[in-house]
$ cat start28.cif   # mmCIF, N, CA and C atoms
data_final
#
loop_
_atom_site.label_atom_id
_atom_site.label_comp_id
_atom_site.auth_asym_id
_atom_site.auth_seq_id
_atom_site.Cartn_x
_atom_site.Cartn_y
_atom_site.Cartn_z
N LEU A 23 15.22 9.22 -13.46
CA LEU A 23 14.27 8.67 -12.50
C LEU A 23 13.97 9.72 -11.45
N THR A 24 12.71 9.88 -11.13
CA THR A 24 12.31 10.76 -10.05
C THR A 24 11.46 9.97 -9.08
N PRO A 25 11.37 10.43 -7.82
CA PRO A 25 10.56 9.70 -6.85
C PRO A 25 9.11 9.51 -7.29
N THR A 26 8.58 10.41 -8.11
CA THR A 26 7.20 10.29 -8.53
C THR A 26 7.01 9.16 -9.55
N GLN A 27 8.09 8.59 -10.03
CA GLN A 27 7.99 7.49 -11.00
C GLN A 27 8.03 6.13 -10.31
N THR A 28 7.79 6.10 -9.02
CA THR A 28 7.79 4.85 -8.30
C THR A 28 6.45 4.64 -7.61
N LEU A 29 6.11 3.40 -7.44
CA LEU A 29 4.90 3.02 -6.71
C LEU A 29 5.36 2.34 -5.43
N MET A 30 5.01 2.92 -4.30
CA MET A 30 5.39 2.32 -3.03
C MET A 30 4.52 1.10 -2.81
N ALA A 31 5.09 -0.07 -2.92
CA ALA A 31 4.33 -1.30 -2.87
C ALA A 31 3.96 -1.69 -1.44
N ARG A 32 4.95 -1.81 -0.56
CA ARG A 32 4.65 -2.17 0.82
C ARG A 32 5.82 -1.82 1.71
N ARG A 33 5.52 -1.58 2.96
CA ARG A 33 6.58 -1.28 3.91
C ARG A 33 7.23 -2.59 4.32
N ILE A 34 8.54 -2.62 4.25
CA ILE A 34 9.31 -3.81 4.61
C ILE A 34 9.69 -3.77 6.08
N SER A 35 10.12 -2.59 6.52
CA SER A 35 10.60 -2.46 7.89
C SER A 35 10.50 -1.01 8.35
N VAL A 36 10.50 -0.83 9.66
CA VAL A 36 10.52 0.52 10.23
C VAL A 36 11.44 0.49 11.43
N GLY A 37 12.21 1.55 11.59
CA GLY A 37 13.13 1.66 12.72
C GLY A 37 12.87 2.96 13.46
N GLY A 38 13.82 3.36 14.26
CA GLY A 38 13.67 4.56 15.06
C GLY A 38 13.81 5.85 14.27
N MET A 39 14.42 5.79 13.07
CA MET A 39 14.66 7.00 12.30
C MET A 39 14.07 6.97 10.90
N ALA A 40 13.87 5.80 10.35
CA ALA A 40 13.42 5.70 8.95
C ALA A 40 12.63 4.43 8.74
N GLU A 41 11.99 4.37 7.58
CA GLU A 41 11.24 3.18 7.18
C GLU A 41 11.68 2.79 5.77
N ILE A 42 11.61 1.51 5.49
CA ILE A 42 12.04 0.98 4.20
C ILE A 42 10.81 0.42 3.48
N TYR A 43 10.64 0.82 2.22
CA TYR A 43 9.54 0.35 1.39
C TYR A 43 10.07 -0.40 0.19
N ARG A 44 9.32 -1.39 -0.26
CA ARG A 44 9.57 -2.01 -1.56
C ARG A 44 8.79 -1.16 -2.56
N ALA A 45 9.45 -0.78 -3.64
CA ALA A 45 8.82 0.08 -4.64
C ALA A 45 9.08 -0.47 -6.03
N LYS A 46 8.23 -0.08 -6.97
CA LYS A 46 8.34 -0.53 -8.36
C LYS A 46 8.43 0.70 -9.26
N LEU A 47 9.25 0.59 -10.28
CA LEU A 47 9.34 1.67 -11.27
C LEU A 47 8.06 1.71 -12.08
N LEU A 48 7.47 2.88 -12.26
CA LEU A 48 6.25 3.02 -13.03
C LEU A 48 6.51 3.34 -14.50
N ASN A 49 7.68 3.89 -14.79
CA ASN A 49 7.97 4.31 -16.16
C ASN A 49 8.57 3.20 -17.02
N ALA A 50 8.55 1.98 -16.52
CA ALA A 50 9.12 0.85 -17.27
C ALA A 50 8.14 -0.32 -17.25
N PRO A 51 7.03 -0.25 -18.00
CA PRO A 51 6.00 -1.27 -17.91
C PRO A 51 6.46 -2.68 -18.32
N HIS A 52 7.44 -2.79 -19.19
CA HIS A 52 7.89 -4.11 -19.64
C HIS A 52 9.16 -4.55 -18.92
N PHE A 53 9.53 -3.78 -17.92
CA PHE A 53 10.75 -4.05 -17.18
C PHE A 53 10.41 -4.04 -15.70
N LYS A 54 10.37 -5.20 -15.09
CA LYS A 54 9.98 -5.29 -13.69
C LYS A 54 11.20 -5.11 -12.79
N ARG A 55 11.39 -3.89 -12.37
CA ARG A 55 12.50 -3.60 -11.49
C ARG A 55 11.94 -3.08 -10.17
N PHE A 56 12.35 -3.74 -9.11
CA PHE A 56 11.93 -3.31 -7.79
C PHE A 56 13.10 -2.63 -7.09
N MET A 57 12.77 -1.70 -6.23
CA MET A 57 13.77 -0.96 -5.50
C MET A 57 13.35 -0.90 -4.04
N ALA A 58 14.29 -0.54 -3.21
CA ALA A 58 13.99 -0.23 -1.82
C ALA A 58 14.06 1.29 -1.67
N VAL A 59 13.13 1.85 -0.95
CA VAL A 59 13.11 3.28 -0.70
C VAL A 59 13.20 3.49 0.81
N LYS A 60 14.19 4.26 1.21
CA LYS A 60 14.36 4.59 2.62
C LYS A 60 13.80 5.99 2.84
N ARG A 61 12.84 6.10 3.76
CA ARG A 61 12.21 7.40 4.03
C ARG A 61 12.36 7.76 5.50
N VAL A 62 12.62 9.03 5.72
CA VAL A 62 12.70 9.55 7.08
C VAL A 62 11.31 9.48 7.70
N LEU A 63 11.25 9.10 8.97
CA LEU A 63 9.95 9.08 9.66
C LEU A 63 9.38 10.50 9.73
N PRO A 64 8.06 10.63 9.63
CA PRO A 64 7.43 11.95 9.66
C PRO A 64 7.80 12.78 10.89
N SER A 65 8.03 12.11 12.01
CA SER A 65 8.37 12.83 13.24
C SER A 65 9.75 13.48 13.18
N LEU A 66 10.59 13.09 12.21
CA LEU A 66 11.95 13.63 12.11
C LEU A 66 12.16 14.55 10.91
N VAL A 67 11.14 14.71 10.08
CA VAL A 67 11.28 15.51 8.86
C VAL A 67 11.65 16.96 9.18
N ALA A 68 11.16 17.51 10.26
CA ALA A 68 11.44 18.92 10.60
C ALA A 68 12.77 19.10 11.34
N ASP A 69 13.45 18.02 11.65
CA ASP A 69 14.72 18.08 12.38
C ASP A 69 15.85 18.27 11.37
N ASN A 70 16.29 19.54 11.20
CA ASN A 70 17.30 19.84 10.19
C ASN A 70 18.62 19.11 10.42
N GLU A 71 19.00 18.94 11.66
CA GLU A 71 20.25 18.22 11.96
C GLU A 71 20.14 16.76 11.50
N PHE A 72 19.00 16.14 11.75
CA PHE A 72 18.81 14.75 11.32
C PHE A 72 18.79 14.65 9.80
N ILE A 73 18.10 15.57 9.14
CA ILE A 73 18.04 15.56 7.68
C ILE A 73 19.44 15.70 7.09
N THR A 74 20.26 16.56 7.69
CA THR A 74 21.64 16.72 7.22
C THR A 74 22.40 15.40 7.36
N MET A 75 22.23 14.71 8.49
CA MET A 75 22.89 13.41 8.67
C MET A 75 22.39 12.38 7.67
N PHE A 76 21.11 12.41 7.38
CA PHE A 76 20.50 11.48 6.42
C PHE A 76 21.10 11.70 5.03
N ILE A 77 21.23 12.96 4.65
CA ILE A 77 21.82 13.30 3.34
C ILE A 77 23.30 12.90 3.31
N ASP A 78 24.01 13.14 4.40
CA ASP A 78 25.42 12.74 4.48
C ASP A 78 25.57 11.23 4.34
N GLU A 79 24.66 10.48 4.96
CA GLU A 79 24.68 9.02 4.83
C GLU A 79 24.54 8.60 3.37
N ALA A 80 23.62 9.23 2.66
CA ALA A 80 23.41 8.90 1.25
C ALA A 80 24.64 9.25 0.42
N LYS A 81 25.25 10.39 0.70
CA LYS A 81 26.45 10.81 -0.04
C LYS A 81 27.60 9.84 0.18
N ILE A 82 27.81 9.45 1.43
CA ILE A 82 28.89 8.51 1.74
C ILE A 82 28.62 7.15 1.08
N ALA A 83 27.39 6.66 1.22
CA ALA A 83 27.06 5.36 0.62
C ALA A 83 27.17 5.41 -0.90
N GLY A 84 26.94 6.58 -1.49
CA GLY A 84 27.04 6.74 -2.94
C GLY A 84 28.45 6.57 -3.47
N HIS A 85 29.44 6.72 -2.59
CA HIS A 85 30.84 6.56 -3.00
C HIS A 85 31.34 5.13 -2.80
N LEU A 86 30.53 4.29 -2.18
CA LEU A 86 30.95 2.92 -1.88
C LEU A 86 30.45 1.96 -2.95
N SER A 87 31.24 0.97 -3.24
CA SER A 87 30.86 -0.04 -4.21
C SER A 87 31.27 -1.41 -3.68
N HIS A 88 30.27 -2.21 -3.33
CA HIS A 88 30.52 -3.54 -2.79
C HIS A 88 29.26 -4.37 -2.98
N ALA A 89 29.42 -5.66 -3.17
CA ALA A 89 28.28 -6.55 -3.40
C ALA A 89 27.27 -6.52 -2.25
N ASN A 90 27.72 -6.24 -1.04
CA ASN A 90 26.83 -6.23 0.12
C ASN A 90 26.30 -4.84 0.48
N ILE A 91 26.59 -3.85 -0.36
CA ILE A 91 26.10 -2.49 -0.13
C ILE A 91 25.23 -2.10 -1.31
N ALA A 92 23.97 -1.77 -1.02
CA ALA A 92 23.06 -1.35 -2.10
C ALA A 92 23.52 0.00 -2.64
N SER A 93 23.43 0.16 -3.95
CA SER A 93 23.86 1.42 -4.55
C SER A 93 22.76 2.47 -4.45
N ILE A 94 23.16 3.70 -4.24
CA ILE A 94 22.23 4.82 -4.15
C ILE A 94 21.83 5.21 -5.57
N HIS A 95 20.54 5.28 -5.79
CA HIS A 95 20.04 5.61 -7.12
C HIS A 95 19.61 7.06 -7.22
N GLU A 96 19.06 7.58 -6.14
CA GLU A 96 18.58 8.96 -6.15
C GLU A 96 18.37 9.44 -4.73
N LEU A 97 18.59 10.71 -4.52
CA LEU A 97 18.32 11.37 -3.25
C LEU A 97 17.33 12.48 -3.53
N GLY A 98 16.26 12.54 -2.79
CA GLY A 98 15.27 13.57 -3.06
C GLY A 98 14.15 13.55 -2.04
N LYS A 99 13.05 14.15 -2.41
CA LYS A 99 11.87 14.20 -1.55
C LYS A 99 10.76 13.37 -2.17
N ILE A 100 10.01 12.72 -1.31
CA ILE A 100 8.88 11.91 -1.74
C ILE A 100 7.66 12.41 -0.98
N GLY A 101 6.62 12.73 -1.71
CA GLY A 101 5.39 13.17 -1.07
C GLY A 101 5.53 14.54 -0.42
N ASN A 102 4.90 14.69 0.72
CA ASN A 102 4.89 15.98 1.42
C ASN A 102 6.17 16.20 2.20
N ALA A 103 7.22 16.54 1.50
CA ALA A 103 8.52 16.90 2.09
C ALA A 103 9.17 15.76 2.86
N LEU A 104 8.78 14.53 2.60
CA LEU A 104 9.47 13.41 3.24
C LEU A 104 10.75 13.15 2.47
N SER A 105 11.87 13.39 3.10
CA SER A 105 13.14 13.15 2.43
C SER A 105 13.37 11.65 2.33
N GLY A 106 14.05 11.26 1.28
CA GLY A 106 14.33 9.85 1.13
C GLY A 106 15.35 9.60 0.06
N PHE A 107 15.83 8.39 -0.01
CA PHE A 107 16.65 8.05 -1.16
C PHE A 107 16.33 6.65 -1.60
N MET A 108 16.55 6.42 -2.85
CA MET A 108 16.22 5.13 -3.43
C MET A 108 17.47 4.32 -3.63
N ILE A 109 17.35 3.06 -3.35
CA ILE A 109 18.46 2.15 -3.58
C ILE A 109 17.95 0.95 -4.35
N ARG A 110 18.81 0.40 -5.17
CA ARG A 110 18.39 -0.79 -5.91
C ARG A 110 18.21 -1.95 -4.96
N ARG A 111 17.30 -2.79 -5.31
CA ARG A 111 17.01 -3.97 -4.51
C ARG A 111 17.74 -5.13 -5.09
#
$ encode --input "start28.cif" --output "structure tokens"
Amino acid sequence: LTPTQTLMARRISVGGMAEIYRAKLLNAPHFKRFMAVKRVLPSLVADNEFITMFIDEAKIAGHLSHANIASIHELGKIGNALSGFMIRR
């Protein structure tokens, strides 16, 4: 799975550091799987310290397994250098 294989359906929420989108897999036409995509706000993309913290958050969450914690599916860039990671919905 790559970020380009998702369709950003709608923004669910926005906070001070990131925004959450509902997204659909494009490479699975007979399989309706929706995901949440967390993206860094454009105003913070150039902040290397923040990006490092964002990546660290994804790495830490990737090691956790609990019914109330969404699993990390991918960490990467979406669009014009907007860092983000995908989590299952």
$ closest_residue --input "start28.cif" --among "A:Ala83, A:Arg61, A:Val36, A:Phe76" --to "Lys99 of chain A" --atoms "only C-alpha atoms"
A:Arg61
$ resolve_selection --input "start28.cif" --expression "the PyMOL selection byres ((chain A and resi 44) around 6.5)" --output "ChimeraX atom specification"
/A:29-34,42-43,45-46,56-59
$ select_by_dssp --input "start28.cif" --residues "segment 58-97 of chain A" --states "strand (DSSP E)" --output "PDB file with N, CA and C atoms, in the coordinates of the input"
ATOM      1  N   ALA A  58      14.290  -0.540  -3.210  1.00  0.00           N
ATOM      2  CA  ALA A  58      13.990  -0.230  -1.820  1.00  0.00           C
ATOM      3  C   ALA A  58      14.060   1.290  -1.670  1.00  0.00           C
ATOM      4  N   VAL A  59      13.130   1.850  -0.950  1.00  0.00           N
ATOM      5  CA  VAL A  59      13.110   3.280  -0.700  1.00  0.00           C
ATOM      6  C   VAL A  59      13.200   3.490   0.810  1.00  0.00           C
ATOM      7  N   LYS A  60      14.190   4.260   1.210  1.00  0.00           N
ATOM      8  CA  LYS A  60      14.360   4.590   2.620  1.00  0.00           C
ATOM      9  C   LYS A  60      13.800   5.990   2.840  1.00  0.00           C
ATOM     10  N   ARG A  61      12.840   6.100   3.760  1.00  0.00           N
ATOM     11  CA  ARG A  61      12.210   7.400   4.030  1.00  0.00           C
ATOM     12  C   ARG A  61      12.360   7.760   5.500  1.00  0.00           C
ATOM     13  N   VAL A  62      12.620   9.030   5.720  1.00  0.00           N
ATOM     14  CA  VAL A  62      12.700   9.550   7.080  1.00  0.00           C
ATOM     15  C   VAL A  62      11.310   9.480   7.700  1.00  0.00           C
ATOM     16  N   ILE A  94      23.160   3.700  -4.240  1.00  0.00           N
ATOM     17  CA  ILE A  94      22.230   4.820  -4.150  1.00  0.00           C
ATOM     18  C   ILE A  94      21.830   5.210  -5.570  1.00  0.00           C
ATOM     19  N   HIS A  95      20.540   5.280  -5.790  1.00  0.00           N
ATOM     20  CA  HIS A  95      20.040   5.610  -7.120  1.00  0.00           C
ATOM     21  C   HIS A  95      19.610   7.060  -7.220  1.00  0.00           C
ATOM     22  N   GLU A  96      19.060   7.580  -6.140  1.00  0.00           N
ATOM     23  CA  GLU A  96      18.580   8.960  -6.150  1.00  0.00           C
ATOM     24  C   GLU A  96      18.370   9.440  -4.730  1.00  0.00           C
ATOM     25  N   LEU A  97      18.590  10.710  -4.520  1.00  0.00           N
ATOM     26  CA  LEU A  97      18.320  11.370  -3.250  1.00  0.00           C
ATOM     27  C   LEU A  97      17.330  12.480  -3.530  1.00  0.00           C
TER      28      LEU A  97
END
$ atom_distance --input "start28.cif" --atom1 "atom C of His95 of chain A" --atom2 "atom N of Lys60 of chain A"
10.4 Å
